[in-house]
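Below is one structure, written out as structure tokens; comments come after it.
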Amino acid sequence: MTASRLDGRLCASAVENSLKVEVQNCMDSGVNPHLAVVIVGDDPASHVYVNNKVKACERLGIISTHISLPSNTTESELVTEIERLNADASIHGILIQSPLPKHMDEEGITDLISPSKDVDGFHPVNLGRLVQGRTDGMLPCTPAGVIEMLKWANIETEGKNAVILGRSRIVGMPMSLLLAAKGCDSTVTITHSRTQNLAEVCKQADILVAAVGIPELVKKDWVKQGAVVVDVGINRVEDLSIERGWRLTGDVDPDVAEVASWLSPVPGGVGPMTIAMLMINTINAAKSTI
């Protein structure tokens, strides 16, 4: 068996095409969706991610405001910027690019964003709605993107055993809630660093989602024949065999393709879908003001 490619780029393109009508409907109602992206510091990877988000806005006709602050910005200065964006009625979505400098409380900063403008879906109000089983609000973009990819590929989730590697508030926990929610109806197991017999737990999965940030942790013998494997990880590892000296890899060993039925690539899998879901959240935030 060679796994089919769970292609995030193709799926994201389909999502974006469907969103163009939504943007036009907003504009016809006198509202132009507007996303503000704030980045603090000069991390090269973060700037690439921000630029990709700005480009997605351009493709869809969404206004984007890119606010780049130096790494020595104080937390109080960032708070003042967030308060300004919260108060600006023309801005519908606010995103603070992660990671923030170490001298800042990233979770506390996120909590300051107005829940109605929290297009990352990380505010306690939005995560709380998800805990209640309500999936009609601002959903965390990466988990929502995984669900959209599974739907796009017509992958059955009802009654399936889903195993999530990682319990972060950004991916692992909301991923488990979405897969267990009505409509997906999977039976979900969350694993983490204290899980015993991790490989054996993973091998029970019909759907395996890896989101731990450990390069190629998931090996071929961890995966049940025919399982669907979604690789959320993106890791930079040294590779002196290529000119730039490094390569990107996920949390899943490429050999897993020999046993899985579907496998998302890195890059080109979950990443484009995360941005597509950000666009959906921004448009929904704009629609809520009409």
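Here's how to read the names in the structure tokens: chain A, B, ... by the order shown, residue numbers from 1 in each chain, ligand numbers from 1 in the order shown.
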
Practice task
Tell me, as an NGL selection string, which residues lie within 9 Å of region 188-205 of chain A, counting only C-alpha atoms; anything in the same chain fewer than 2 positions away does not count.
Solution key: :A and (160-167 or 172-173 or 176-177 or 179-180 or 185-186 or 207-208 or 212 or 218-219 or 221-225 or 227-228)

Exercise for the section: DSSP on the backbone, then: every residue of region 33-157 of chain A marked strand (DSSP E or B), written as a list in words. Expected result: His34, Leu35, Ala36, Val37, Val38, Ile39, Val40, Ile63, Ser64, Thr65, His66, Ile67, Ser68, Leu69, Gly93, Ile94, Leu95, Ile96 and Asp118 of chain A

May I have the selected residues written with N, CA and C atoms, as a PDB file, in the first residue's frame?
```
ATOM      1  N   HIS A  34     -11.678  42.642   7.319  1.00  0.00           N
ATOM      2  CA  HIS A  34     -10.394  43.281   7.607  1.00  0.00           C
ATOM      3  C   HIS A  34      -9.686  42.510   8.712  1.00  0.00           C
ATOM      4  N   LEU A  35      -8.489  42.018   8.409  1.00  0.00           N
ATOM      5  CA  LEU A  35      -7.682  41.250   9.357  1.00  0.00           C
ATOM      6  C   LEU A  35      -6.441  42.054   9.735  1.00  0.00           C
ATOM      7  N   ALA A  36      -6.176  42.174  11.035  1.00  0.00           N
ATOM      8  CA  ALA A  36      -4.947  42.783  11.530  1.00  0.00           C
ATOM      9  C   ALA A  36      -4.035  41.688  12.081  1.00  0.00           C
ATOM     10  N   VAL A  37      -2.812  41.640  11.564  1.00  0.00           N
ATOM     11  CA  VAL A  37      -1.837  40.651  12.013  1.00  0.00           C
ATOM     12  C   VAL A  37      -0.690  41.386  12.698  1.00  0.00           C
ATOM     13  N   VAL A  38      -0.434  41.014  13.944  1.00  0.00           N
ATOM     14  CA  VAL A  38       0.619  41.655  14.729  1.00  0.00           C
ATOM     15  C   VAL A  38       1.752  40.660  14.934  1.00  0.00           C
ATOM     16  N   ILE A  39       2.968  41.083  14.611  1.00  0.00           N
ATOM     17  CA  ILE A  39       4.135  40.237  14.851  1.00  0.00           C
ATOM     18  C   ILE A  39       5.146  41.033  15.657  1.00  0.00           C
ATOM     19  N   VAL A  40       5.720  40.394  16.646  1.00  0.00           N
ATOM     20  CA  VAL A  40       6.710  41.038  17.509  1.00  0.00           C
ATOM     21  C   VAL A  40       8.029  40.294  17.364  1.00  0.00           C
ATOM     22  N   ILE A  63      -9.084  42.929   3.407  1.00  0.00           N
ATOM     23  CA  ILE A  63      -8.103  43.942   3.801  1.00  0.00           C
ATOM     24  C   ILE A  63      -7.214  43.341   4.888  1.00  0.00           C
ATOM     25  N   SER A  64      -5.903  43.557   4.763  1.00  0.00           N
ATOM     26  CA  SER A  64      -5.002  43.090   5.817  1.00  0.00           C
ATOM     27  C   SER A  64      -4.122  44.244   6.276  1.00  0.00           C
ATOM     28  N   THR A  65      -3.983  44.357   7.572  1.00  0.00           N
ATOM     29  CA  THR A  65      -3.076  45.325   8.173  1.00  0.00           C
ATOM     30  C   THR A  65      -1.978  44.551   8.885  1.00  0.00           C
ATOM     31  N   HIS A  66      -0.748  44.775   8.462  1.00  0.00           N
ATOM     32  CA  HIS A  66       0.407  44.042   8.980  1.00  0.00           C
ATOM     33  C   HIS A  66       1.157  44.972   9.936  1.00  0.00           C
ATOM     34  N   ILE A  67       1.163  44.635  11.221  1.00  0.00           N
ATOM     35  CA  ILE A  67       1.804  45.468  12.241  1.00  0.00           C
ATOM     36  C   ILE A  67       3.025  44.730  12.765  1.00  0.00           C
ATOM     37  N   SER A  68       4.214  45.237  12.430  1.00  0.00           N
ATOM     38  CA  SER A  68       5.465  44.599  12.833  1.00  0.00           C
ATOM     39  C   SER A  68       6.123  45.435  13.924  1.00  0.00           C
ATOM     40  N   LEU A  69       6.310  44.826  15.096  1.00  0.00           N
ATOM     41  CA  LEU A  69       6.891  45.518  16.244  1.00  0.00           C
ATOM     42  C   LEU A  69       8.262  44.927  16.568  1.00  0.00           C
ATOM     43  N   GLY A  93     -10.874  41.035  12.549  1.00  0.00           N
ATOM     44  CA  GLY A  93     -10.082  39.950  13.103  1.00  0.00           C
ATOM     45  C   GLY A  93      -8.721  40.435  13.563  1.00  0.00           C
ATOM     46  N   ILE A  94      -8.260  39.911  14.703  1.00  0.00           N
ATOM     47  CA  ILE A  94      -6.939  40.244  15.242  1.00  0.00           C
ATOM     48  C   ILE A  94      -6.179  38.944  15.466  1.00  0.00           C
ATOM     49  N   LEU A  95      -4.965  38.881  14.939  1.00  0.00           N
ATOM     50  CA  LEU A  95      -4.114  37.709  15.118  1.00  0.00           C
ATOM     51  C   LEU A  95      -2.763  38.163  15.651  1.00  0.00           C
ATOM     52  N   ILE A  96      -2.324  37.583  16.747  1.00  0.00           N
ATOM     53  CA  ILE A  96      -0.990  37.834  17.290  1.00  0.00           C
ATOM     54  C   ILE A  96      -0.114  36.646  16.906  1.00  0.00           C
ATOM     55  N   ASP A 118     -11.265  37.282  17.759  1.00  0.00           N
ATOM     56  CA  ASP A 118     -10.241  36.265  18.018  1.00  0.00           C
ATOM     57  C   ASP A 118     -10.238  35.214  16.905  1.00  0.00           C
TER      58      ASP A 118
END
```

Handout entry: Interatomic distance, CA of Gly268 (chain A) to CA of Gly8 (chain A) (Å, one decimal)
Key = 5.6 Å

Exercise for the section: Could you give me the residues within region 151-283 of chain A that DSSP places in alpha helix (DSSP H), as a ChimeraX atom specification? Expected result: /A:151-152,172-180,198-202,270-283

Any chance you could export the current selection's C-alpha atoms as a PDB file, in the first residue's frame?
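Done, and the output landed in part_26.pdb:
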```pdb
ATOM      1  CA  LYS A 151     -14.280  16.008   4.743  1.00  0.00           C
ATOM      2  CA  TRP A 152     -12.636  17.029   1.465  1.00  0.00           C
ATOM      3  CA  GLY A 172      -4.374  18.646  20.582  1.00  0.00           C
ATOM      4  CA  MET A 173      -7.239  19.474  22.926  1.00  0.00           C
ATOM      5  CA  PRO A 174      -9.453  21.324  20.397  1.00  0.00           C
ATOM      6  CA  MET A 175      -8.690  18.608  17.839  1.00  0.00           C
ATOM      7  CA  SER A 176     -10.067  16.000  20.222  1.00  0.00           C
ATOM      8  CA  LEU A 177     -13.205  18.069  20.838  1.00  0.00           C
ATOM      9  CA  LEU A 178     -13.887  18.573  17.138  1.00  0.00           C
ATOM     10  CA  LEU A 179     -13.431  14.895  16.307  1.00  0.00           C
ATOM     11  CA  ALA A 180     -15.728  13.887  19.174  1.00  0.00           C
ATOM     12  CA  LEU A 198       2.391   5.002  23.208  1.00  0.00           C
ATOM     13  CA  ALA A 199       3.143   3.019  20.082  1.00  0.00           C
ATOM     14  CA  GLU A 200       0.517   0.426  20.969  1.00  0.00           C
ATOM     15  CA  VAL A 201      -2.093   3.107  21.642  1.00  0.00           C
ATOM     16  CA  CYS A 202      -1.346   4.705  18.262  1.00  0.00           C
ATOM     17  CA  VAL A 270      -2.043  21.122   7.384  1.00  0.00           C
ATOM     18  CA  GLY A 271      -0.247  24.466   6.926  1.00  0.00           C
ATOM     19  CA  PRO A 272      -2.303  25.774   3.965  1.00  0.00           C
ATOM     20  CA  MET A 273      -5.491  24.612   5.674  1.00  0.00           C
ATOM     21  CA  THR A 274      -4.656  26.569   8.820  1.00  0.00           C
ATOM     22  CA  ILE A 275      -4.529  29.749   6.722  1.00  0.00           C
ATOM     23  CA  ALA A 276      -7.754  28.839   4.903  1.00  0.00           C
ATOM     24  CA  MET A 277      -9.557  28.465   8.248  1.00  0.00           C
ATOM     25  CA  LEU A 278      -8.147  31.813   9.354  1.00  0.00           C
ATOM     26  CA  MET A 279      -9.797  33.350   6.312  1.00  0.00           C
ATOM     27  CA  ILE A 280     -13.116  31.682   7.230  1.00  0.00           C
ATOM     28  CA  ASN A 281     -12.933  33.041  10.787  1.00  0.00           C
ATOM     29  CA  THR A 282     -12.158  36.535   9.499  1.00  0.00           C
ATOM     30  CA  ILE A 283     -15.092  36.474   7.083  1.00  0.00           C
TER      31      ILE A 283
END
```

Exercise for the section: Using only C-alpha atoms, pick whichever of A:Val266, A:Cys184, A:Leu139, A:Met104 has the shortest atom-to-atom distance to Asp120 (chain A). Expected result: A:Leu139

Fill in the blank from the handout: Min atom-atom distance to Pro33 (chain A) from the set A:Ile91, A:Ile82, A:Val50, A:Val237, counting only C-alpha atoms, belongs to A:Ile91

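The nearest approach to Leu6 (chain A) among the residues A:Gly213, A:Gly41, A:Pro99, A:Gly145, with only C-alpha atoms taken into account, belongs to A:Gly145.
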
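Non-sequential neighbours of Gly137 (chain A) (distance at most 12 Å, separation of 4 or more positions within a chain, only C-alpha atoms) are Pro115, Ser116, Lys117, Asp118, Val119, Asp120, Gly121, Phe122, His123, Val125, Asn126, Leu127, Gly128, Arg129, Leu130, Val131, Gln132, Gly133, Cys141, Ala144, Met277, Ile280, Asn281, Thr282, Ile283, Asn284, Ala285, Lys287 and Ser288 of chain A.
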